[in-house]
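Q: To be precise about what I am sending: the file is called entry_23.pdb and holds PDB, C-alpha atoms.
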ATOM      1  CA  MET A   1      -6.177  28.758 -16.464  1.00  0.00           C
ATOM      2  CA  TYR A   2      -5.808  30.148 -20.003  1.00  0.00           C
ATOM      3  CA  CYS A   3      -6.789  28.801 -23.412  1.00  0.00           C
ATOM      4  CA  THR A   4      -3.828  27.250 -25.200  1.00  0.00           C
ATOM      5  CA  ARG A   5      -5.012  28.539 -28.597  1.00  0.00           C
ATOM      6  CA  CYS A   6      -6.205  32.125 -28.060  1.00  0.00           C
ATOM      7  CA  GLY A   7      -4.990  32.934 -24.517  1.00  0.00           C
ATOM      8  CA  THR A   8      -8.431  33.804 -23.099  1.00  0.00           C
ATOM      9  CA  GLN A   9      -8.786  33.250 -19.367  1.00  0.00           C
ATOM     10  CA  LEU A  10     -10.998  30.233 -18.651  1.00  0.00           C
ATOM     11  CA  GLU A  11     -13.170  29.518 -15.682  1.00  0.00           C
ATOM     12  CA  SER A  12     -11.857  26.693 -13.498  1.00  0.00           C
ATOM     13  CA  ASP A  13     -14.758  24.341 -14.292  1.00  0.00           C
ATOM     14  CA  SER A  14     -14.861  25.118 -18.041  1.00  0.00           C
ATOM     15  CA  ASN A  15     -14.125  22.321 -20.521  1.00  0.00           C
ATOM     16  CA  PHE A  16     -14.034  24.538 -23.630  1.00  0.00           C
ATOM     17  CA  CYS A  17     -12.876  28.070 -24.420  1.00  0.00           C
ATOM     18  CA  SER A  18     -15.858  30.415 -24.728  1.00  0.00           C
ATOM     19  CA  LYS A  19     -14.095  32.510 -27.398  1.00  0.00           C
ATOM     20  CA  CYS A  20     -12.592  29.935 -29.820  1.00  0.00           C
ATOM     21  CA  GLY A  21     -14.155  26.623 -28.675  1.00  0.00           C
ATOM     22  CA  THR A  22     -10.851  24.832 -28.072  1.00  0.00           C
ATOM     23  CA  LYS A  23     -10.909  22.018 -25.570  1.00  0.00           C
ATOM     24  CA  SER A  24      -9.251  23.146 -22.363  1.00  0.00           C
ATOM     25  CA  ALA A  25      -6.227  21.441 -20.840  1.00  0.00           C
ATOM     26  CA  PHE A  26      -8.398  20.528 -17.840  1.00  0.00           C
ATOM     27  CA  ALA A  27     -10.847  18.630 -20.064  1.00  0.00           C
ATOM     28  CA  GLN A  28      -7.994  16.862 -21.823  1.00  0.00           C
ATOM     29  CA  SER A  29      -6.426  15.799 -18.559  1.00  0.00           C
ATOM     30  CA  ALA A  30      -9.816  14.546 -17.298  1.00  0.00           C
ATOM     31  CA  SER A  31     -10.328  12.420 -20.413  1.00  0.00           C
ATOM     32  CA  GLU A  32      -6.786  11.082 -20.109  1.00  0.00           C
ATOM     33  CA  GLN A  33      -7.486  10.222 -16.462  1.00  0.00           C
ATOM     34  CA  SER A  34     -10.641   8.311 -17.434  1.00  0.00           C
ATOM     35  CA  LYS A  35      -8.647   6.333 -20.023  1.00  0.00           C
ATOM     36  CA  GLN A  36      -6.012   5.550 -17.407  1.00  0.00           C
ATOM     37  CA  THR A  37      -8.684   4.529 -14.894  1.00  0.00           C
ATOM     38  CA  SER A  38     -10.295   2.146 -17.395  1.00  0.00           C
ATOM     39  CA  GLN A  39      -6.883   0.625 -18.161  1.00  0.00           C
ATOM     40  CA  GLU A  40      -6.235   0.144 -14.450  1.00  0.00           C
ATOM     41  CA  GLN A  41      -9.631  -1.502 -13.998  1.00  0.00           C
ATOM     42  CA  SER A  42      -8.991  -3.941 -16.840  1.00  0.00           C
ATOM     43  CA  PHE A  43      -5.608  -4.752 -15.285  1.00  0.00           C
ATOM     44  CA  TYR A  44      -7.166  -5.508 -11.915  1.00  0.00           C
ATOM     45  CA  GLU A  45      -9.994  -7.574 -13.421  1.00  0.00           C
ATOM     46  CA  GLN A  46      -7.561 -10.014 -15.004  1.00  0.00           C
ATOM     47  CA  PRO A  47      -6.760 -12.973 -12.743  1.00  0.00           C
ATOM     48  CA  SER A  48      -3.262 -12.877 -11.344  1.00  0.00           C
ATOM     49  CA  TYR A  49      -0.784 -15.718 -11.697  1.00  0.00           C
ATOM     50  CA  ASN A  50      -1.378 -16.820  -8.106  1.00  0.00           C
ATOM     51  CA  GLN A  51      -5.142 -17.115  -8.619  1.00  0.00           C
ATOM     52  CA  GLN A  52      -4.645 -19.244 -11.728  1.00  0.00           C
ATOM     53  CA  SER A  53      -2.147 -21.525 -10.006  1.00  0.00           C
ATOM     54  CA  THR A  54      -4.441 -22.170  -7.033  1.00  0.00           C
ATOM     55  CA  GLN A  55      -7.294 -23.099  -9.358  1.00  0.00           C
ATOM     56  CA  GLN A  56      -4.998 -25.548 -11.138  1.00  0.00           C
ATOM     57  CA  GLU A  57      -3.864 -27.069  -7.841  1.00  0.00           C
ATOM     58  CA  TYR A  58      -7.363 -28.357  -7.047  1.00  0.00           C
ATOM     59  CA  THR A  59      -7.760 -30.153 -10.356  1.00  0.00           C
ATOM     60  CA  GLN A  60      -4.654 -32.284  -9.942  1.00  0.00           C
ATOM     61  CA  PRO A  61      -5.455 -35.986  -9.417  1.00  0.00           C
ATOM     62  CA  SER A  62      -3.563 -36.079  -6.103  1.00  0.00           C
ATOM     63  CA  GLU A  63      -6.053 -33.577  -4.658  1.00  0.00           C
ATOM     64  CA  GLN A  64      -9.120 -35.602  -5.614  1.00  0.00           C
ATOM     65  CA  LYS A  65     -10.898 -37.582  -2.922  1.00  0.00           C
ATOM     66  CA  SER A  66     -12.063 -41.123  -3.528  1.00  0.00           C
ATOM     67  CA  LYS A  67     -15.782 -41.733  -3.929  1.00  0.00           C
ATOM     68  CA  LEU A  68     -15.360 -45.299  -2.634  1.00  0.00           C
ATOM     69  CA  VAL A  69     -13.516 -44.245   0.530  1.00  0.00           C
ATOM     70  CA  ALA A  70     -16.045 -41.486   1.267  1.00  0.00           C
ATOM     71  CA  GLY A  71     -19.006 -43.808   0.714  1.00  0.00           C
ATOM     72  CA  LEU A  72     -17.624 -46.628   2.864  1.00  0.00           C
ATOM     73  CA  LEU A  73     -16.652 -44.247   5.658  1.00  0.00           C
ATOM     74  CA  GLN A  74     -20.154 -42.833   5.565  1.00  0.00           C
ATOM     75  CA  ILE A  75     -21.853 -46.243   5.580  1.00  0.00           C
ATOM     76  CA  PHE A  76     -19.792 -47.820   8.375  1.00  0.00           C
ATOM     77  CA  LEU A  77     -18.798 -44.791  10.476  1.00  0.00           C
ATOM     78  CA  GLY A  78     -21.333 -42.274   9.266  1.00  0.00           C
ATOM     79  CA  TRP A  79     -22.862 -41.826  12.689  1.00  0.00           C
ATOM     80  CA  LEU A  80     -19.566 -40.026  13.475  1.00  0.00           C
ATOM     81  CA  GLY A  81     -19.840 -38.049  10.223  1.00  0.00           C
ATOM     82  CA  LEU A  82     -16.483 -39.368   8.984  1.00  0.00           C
ATOM     83  CA  GLY A  83     -17.438 -39.588   5.313  1.00  0.00           C
ATOM     84  CA  ARG A  84     -18.510 -35.957   5.264  1.00  0.00           C
ATOM     85  CA  PHE A  85     -15.464 -34.883   7.284  1.00  0.00           C
ATOM     86  CA  TYR A  86     -13.319 -36.658   4.668  1.00  0.00           C
ATOM     87  CA  LEU A  87     -14.998 -34.675   1.893  1.00  0.00           C
ATOM     88  CA  GLY A  88     -14.656 -31.408   3.818  1.00  0.00           C
ATOM     89  CA  TYR A  89     -18.337 -30.862   4.631  1.00  0.00           C
ATOM     90  CA  THR A  90     -17.814 -30.206   8.335  1.00  0.00           C
ATOM     91  CA  GLY A  91     -21.249 -28.678   8.933  1.00  0.00           C
ATOM     92  CA  ILE A  92     -23.091 -31.733   7.637  1.00  0.00           C
ATOM     93  CA  ALA A  93     -20.679 -34.028   9.481  1.00  0.00           C
ATOM     94  CA  VAL A  94     -21.310 -32.348  12.820  1.00  0.00           C
ATOM     95  CA  ALA A  95     -25.052 -32.402  12.178  1.00  0.00           C
ATOM     96  CA  GLN A  96     -24.968 -36.147  11.437  1.00  0.00           C
ATOM     97  CA  LEU A  97     -22.957 -36.778  14.587  1.00  0.00           C
ATOM     98  CA  LEU A  98     -25.343 -34.767  16.742  1.00  0.00           C
ATOM     99  CA  VAL A  99     -28.477 -36.311  15.221  1.00  0.00           C
ATOM    100  CA  SER A 100     -27.083 -39.822  15.712  1.00  0.00           C
ATOM    101  CA  VAL A 101     -26.113 -39.203  19.337  1.00  0.00           C
ATOM    102  CA  LEU A 102     -29.212 -37.249  20.337  1.00  0.00           C
ATOM    103  CA  THR A 103     -31.601 -39.823  18.855  1.00  0.00           C
ATOM    104  CA  LEU A 104     -29.678 -42.669  20.522  1.00  0.00           C
ATOM    105  CA  GLY A 105     -28.645 -44.180  17.191  1.00  0.00           C
ATOM    106  CA  ILE A 106     -31.922 -43.933  15.303  1.00  0.00           C
ATOM    107  CA  GLY A 107     -30.596 -40.903  13.396  1.00  0.00           C
ATOM    108  CA  ALA A 108     -27.776 -43.054  12.003  1.00  0.00           C
ATOM    109  CA  ILE A 109     -30.105 -43.918   9.123  1.00  0.00           C
ATOM    110  CA  TRP A 110     -29.328 -40.520   7.608  1.00  0.00           C
ATOM    111  CA  PRO A 111     -25.559 -41.193   7.257  1.00  0.00           C
ATOM    112  CA  LEU A 112     -26.293 -44.689   5.909  1.00  0.00           C
ATOM    113  CA  ILE A 113     -28.489 -43.279   3.138  1.00  0.00           C
ATOM    114  CA  ASP A 114     -25.939 -40.505   2.577  1.00  0.00           C
ATOM    115  CA  GLY A 115     -23.183 -43.096   2.088  1.00  0.00           C
ATOM    116  CA  ILE A 116     -25.254 -44.891  -0.534  1.00  0.00           C
ATOM    117  CA  LEU A 117     -25.852 -41.572  -2.316  1.00  0.00           C
ATOM    118  CA  ILE A 118     -22.114 -40.868  -2.327  1.00  0.00           C
ATOM    119  CA  LEU A 119     -21.382 -44.279  -3.843  1.00  0.00           C
ATOM    120  CA  THR A 120     -24.042 -43.900  -6.536  1.00  0.00           C
ATOM    121  CA  GLY A 121     -22.641 -40.539  -7.629  1.00  0.00           C
ATOM    122  CA  SER A 122     -25.306 -38.180  -6.314  1.00  0.00           C
ATOM    123  CA  VAL A 123     -22.564 -36.371  -4.410  1.00  0.00           C
ATOM    124  CA  ALA A 124     -20.090 -35.600  -7.187  1.00  0.00           C
ATOM    125  CA  THR A 125     -17.705 -33.080  -5.590  1.00  0.00           C
ATOM    126  CA  ASP A 126     -15.978 -32.395  -2.304  1.00  0.00           C
ATOM    127  CA  ALA A 127     -16.384 -29.147  -0.356  1.00  0.00           C
ATOM    128  CA  LYS A 128     -13.813 -27.352  -2.559  1.00  0.00           C
ATOM    129  CA  GLY A 129     -15.703 -28.288  -5.718  1.00  0.00           C
ATOM    130  CA  VAL A 130     -13.144 -30.854  -6.879  1.00  0.00           C
ATOM    131  CA  PRO A 131     -14.785 -33.858  -8.564  1.00  0.00           C
ATOM    132  CA  LEU A 132     -14.551 -37.177  -6.727  1.00  0.00           C
ATOM    133  CA  LYS A 133     -12.519 -39.882  -8.408  1.00  0.00           C
ATOM    134  CA  ASP A 134     -13.968 -43.362  -8.887  1.00  0.00           C
TER     135      ASP A 134
END
As structure tokens - that is how I would like this structure written.
A:
Amino acid sequence: MYCTRCGTQLESDSNFCSKCGTKSAFAQSASEQSKQTSQEQSFYEQPSYNQQSTQQEYTQPSEQKSKLVAGLLQIFLGWLGLGRFYLGYTGIAVAQLLVSVLTLGIGAIWPLIDGILILTGSVATDAKGVPLKD
């Protein structure tokens, strides 16, 4: 590669001409590449239209679960974990079912207390993070 100003032959890894100090074409292209890379990164960091629309879908009132339904399901059929299944917490629901069955019904106190907590507002969101409606 040669210097664009004085024509001196440059080493392949040189950023400046050793004779006149002009920035080499290689250094210019590297700085242009870094600018382009930073522009690409900022483009990819911005949320796409699809990501924004899915976030808006969850906040629509039709997607919200009822606090009353979840609480009553948990109080009356909580030993089956139905209130937690309704809210999308499958892990807790399965655990409540297993505890209730394995303790021959004594473990059903846990879902009863859990149902009361849901009704009082201690559990404020479903598994997706959508707030429960009253």
Q: For the structure shown, which residues end up in the PyMOL selection byres ((chain A and resi 107-120) around 6)? Put them as an MDAnalysis selection string, please?
A: chainID A and resid 71 74:75 78:79 99:100 103 105:106 121:123
Q: Which value, in Å to one decimal, gives the distance between CA of Gly129 (chain A) and CA of Val101 (chain A)?
A: 29.2 Å
Q: Between CA of Tyr86 (chain A) and CA of Ala124 (chain A), what is the spacing in Å?
A: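 Straight-line distance from CA of Ala124 (chain A) to CA of Tyr86 (chain A) works out to 13.7 Å.
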Q: Find the spatial neighbours of Gly88 (chain A), counting all atoms listed in the file, within a cut-off of 9 Å - ignore same-chain residues fewer than 6 positions away - and output them as an MDAnalysis selection string.
A: chainID A and resid 126:128
Q: For Phe85 (chain A), work out the shell of residues within 9 Å, counting all atoms listed in the file and skipping chain neighbours fewer than 6 positions away, then give it as a PyMOL selection string.
A: chain A and resi 70+91-94
Q: Between CA of Lys133 (chain A) and CA of Gln64 (chain A), what is the spacing in Å?
A: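 Going from CA of Gln64 (chain A) over to CA of Lys133 (chain A), I get 6.1 Å.
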Q: Kindly indicate which residue among A:Ser66, A:Thr22, A:Gln96, A:Ser14 lies nearest to Asp134 (chain A), using only C-alpha atoms for the distances.
A: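 Of the candidates, the smallest distance to Asp134 (chain A) is held by A:Ser66.
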Q: Need the shell around Cys6 (chain A): protein/DNA/RNA residues with any atom at most 9 Å away, counting all atoms listed in the file. Skip same-chain ones fewer than 5 positions apart. Format as number ranges by chain?
A: A: 17, 19-20, 22
